[in-house]
Amino acid sequence: MKHLYPNIAELHAFTSSAKHLNFSYAARELGLTPSAVSRQIANLEVLFGMKLFVREGRNLSLTRAGQVYHARVTGPLREIGNASLELLSVREDSDLLTIASVPTFTTKWLVPRLTSFLTAAPNITLSFRRHLAHGDPFPLGLDAAIRYGDGRWDGVNCDYLAGRTFVPVCSPEFAAKHTLRTPADLAAAPRLVHEQAESVWLVWSERYEITHMNAFSGPRFEQYAVLIQAAQSGLGLALVPAFLIGAALDAGTLVQPVNAPVDVDNQGHFLCYTPERLDTSAALRKLRDWMLEEFSTHDPAAPATRTPTRRGGC
């Protein structure tokens with residue numbers, strides 16, 4: 001008797017599409033194209049001789065058969081993945097950690113400190129992937145991600161690392177051209193804005209009781225690395241996480257014209273991972289312990305707790 005066994009790739013395409021009800025989101029999670037996901041779903045429907053999804057334009061919904069099949073295969077597929085991760089985690093010769101990290105965190109904080117981590121954990125090999133955009137789901141095959149935002153991402157634990165304390169900085173040349181002695185002086189000077197943290201200037205203005213200021217005006221940047229470079233080039237004042245600019249302050253390429261920090265609760269850098277992967281990967285636990293220890297030692301604002309935070313599904 002011939003067994004009807006779809007391949008794993010088709011099952012992953014089906015369960016991801018059923019989760020998101022969107023082929024494009026499923027494709028991003030799986031690292032495929034939407035057309036490839038659609039073809040794998042079509043293969044399953046040909047195999048079973050029935051529709052698993054109802055397609056109405058860009059909208060998807062599960063048929064009754066699709067709902068039943070999804071309920072039956074999701075658990076076993078997860079168990080297969082967990083069993084595979086557990087088998088990989090018992091290897092003694094090497095541990096591979098695949099990480100996605102926002103670029104500025106990687107270049108300004110992580111890379112300069114990696115030598116100390118790899119010295120303490122010489123069997124671990126790190127593999128870096130493209131960072132996850134704000135709305136991206138956590139993909140299969142990724143061990144951990146350093147993400148920037150409010151710490152609310154579905155399906156993962158999120159440990160706060162740093163980044164809630166912001167300080168205003170500029171180039172020495174910019175400071176020399178402008179009178180910058182008080183927070184009111186900063187409010188009147190040209191300012192730079194980070195697109196994912198556009199509200200921080202508003203929070204800053206409320207903290208220092210600045211009433212006549214357009215908190216959202218100024219050139220906008222998607223990455224802190226570019227925002228910091230713009231400030232170093234004299235384009236304006238930047239309000240950036242303090243832990244990212246220690247080297248620039250020490251080198252004198254940035255200065256703090258006024259001591260006017262502000263804490264912003266809904267912004268920060270987080271270490272994200274699935275609970276299952278933390279349970280099965282000794283390498284991930286070593287990385288997590290090391291990062292939390294580094295921040296608790298060198299960043300007084302960072303929490304010392306080692307208990308993962310889960311918020312809004314995180």
# chains A, B, ... in the order shown; residues from 1 in each chain; ligands from 1
call {"tool": "residues_around", "arguments": {"residues": "Asp263 (chain A)", "least_positions_apart": "5", "cutoff": "12 Å", "atoms": "only C-alpha atoms", "output": "PDB file with C-alpha atoms, in the first residue's frame"}}
result
ATOM      1  CA  ALA A 162      19.760  47.805  26.980  1.00  0.00           C
ATOM      2  CA  GLY A 163      18.687  50.900  25.094  1.00  0.00           C
ATOM      3  CA  ARG A 164      15.987  52.578  27.168  1.00  0.00           C
ATOM      4  CA  THR A 165      18.234  55.444  28.262  1.00  0.00           C
ATOM      5  CA  PHE A 166      18.688  58.037  25.506  1.00  0.00           C
ATOM      6  CA  VAL A 167      21.145  60.945  25.478  1.00  0.00           C
ATOM      7  CA  PRO A 168      21.376  63.942  23.104  1.00  0.00           C
ATOM      8  CA  SER A 199       8.480  59.481  19.781  1.00  0.00           C
ATOM      9  CA  VAL A 200      11.645  59.740  21.894  1.00  0.00           C
ATOM     10  CA  TRP A 201      12.089  63.471  21.186  1.00  0.00           C
ATOM     11  CA  LEU A 202       8.479  63.968  22.326  1.00  0.00           C
ATOM     12  CA  VAL A 203       9.137  62.041  25.543  1.00  0.00           C
ATOM     13  CA  TRP A 204      12.341  64.048  25.999  1.00  0.00           C
ATOM     14  CA  SER A 205      10.517  67.370  25.511  1.00  0.00           C
ATOM     15  CA  GLU A 206       7.888  66.399  28.094  1.00  0.00           C
ATOM     16  CA  ARG A 207      10.617  65.326  30.543  1.00  0.00           C
ATOM     17  CA  TYR A 208      12.294  68.744  30.304  1.00  0.00           C
ATOM     18  CA  LEU A 239      18.860  61.328  20.631  1.00  0.00           C
ATOM     19  CA  VAL A 240      20.370  57.836  20.806  1.00  0.00           C
ATOM     20  CA  PRO A 241      20.677  54.921  23.253  1.00  0.00           C
ATOM     21  CA  ALA A 242      23.589  55.718  25.554  1.00  0.00           C
ATOM     22  CA  GLY A 268      15.069  48.902  23.727  1.00  0.00           C
ATOM     23  CA  ALA A 301      20.113  50.430  33.970  1.00  0.00           C
ATOM     24  CA  ALA A 302      20.011  46.858  32.699  1.00  0.00           C
TER      25      ALA A 302
END
call {"tool": "closest_atom_pairs", "arguments": {"of": "region 122-147 of chain A", "to": "region 11-35 of chain A", "cutoff": "8 Å", "atoms": "only C-alpha atoms", "output": "JSON lines"}}
result
{"residue": "A:Asp136", "atom": "CA", "partner": "A:Arg28", "partner_atom": "CA", "distance": 7.2}
{"residue": "A:Pro137", "atom": "CA", "partner": "A:Glu29", "partner_atom": "CA", "distance": 5.7}
{"residue": "A:Phe138", "atom": "CA", "partner": "A:Glu29", "partner_atom": "CA", "distance": 6.4}
{"residue": "A:Pro139", "atom": "CA", "partner": "A:Glu29", "partner_atom": "CA", "distance": 4.4}
{"residue": "A:Leu140", "atom": "CA", "partner": "A:Leu30", "partner_atom": "CA", "distance": 6.3}
call {"tool": "write_last_selection", "arguments": {"atoms": "C-alpha atoms", "output": "PDB file, in the first residue's frame"}}
result
ATOM      1  CA  ASP A 136       8.986  39.929  10.520  1.00  0.00           C
ATOM      2  CA  PRO A 137       8.005  36.623  12.164  1.00  0.00           C
ATOM      3  CA  PHE A 138      10.680  34.583  13.913  1.00  0.00           C
ATOM      4  CA  PRO A 139      11.951  32.186  11.207  1.00  0.00           C
ATOM      5  CA  LEU A 140      12.640  28.491  11.474  1.00  0.00           C
TER       6      LEU A 140
END
call {"tool": "closest_residue", "arguments": {"among": "A:Ala120, A:Val262, A:Leu271, A:Leu254", "to": "Ala230 (chain A)", "atoms": "only C-alpha atoms"}}
result
A:Leu254
call {"tool": "residues_around", "arguments": {"residues": "Asp143 (chain A)", "least_positions_apart": "5", "cutoff": "12 Å", "atoms": "only C-alpha atoms", "output": "VMD selection string"}}
result
chain A and resid 85 89 95 to 101 126 to 129 138 156 to 157 271 to 285 287 to 288
call {"tool": "closest_residue", "arguments": {"among": "A:Gln256, A:Thr107, A:Gln196, A:Gln229", "to": "Asp150 (chain A)", "atoms": "only C-alpha atoms"}}
result
A:Gln196
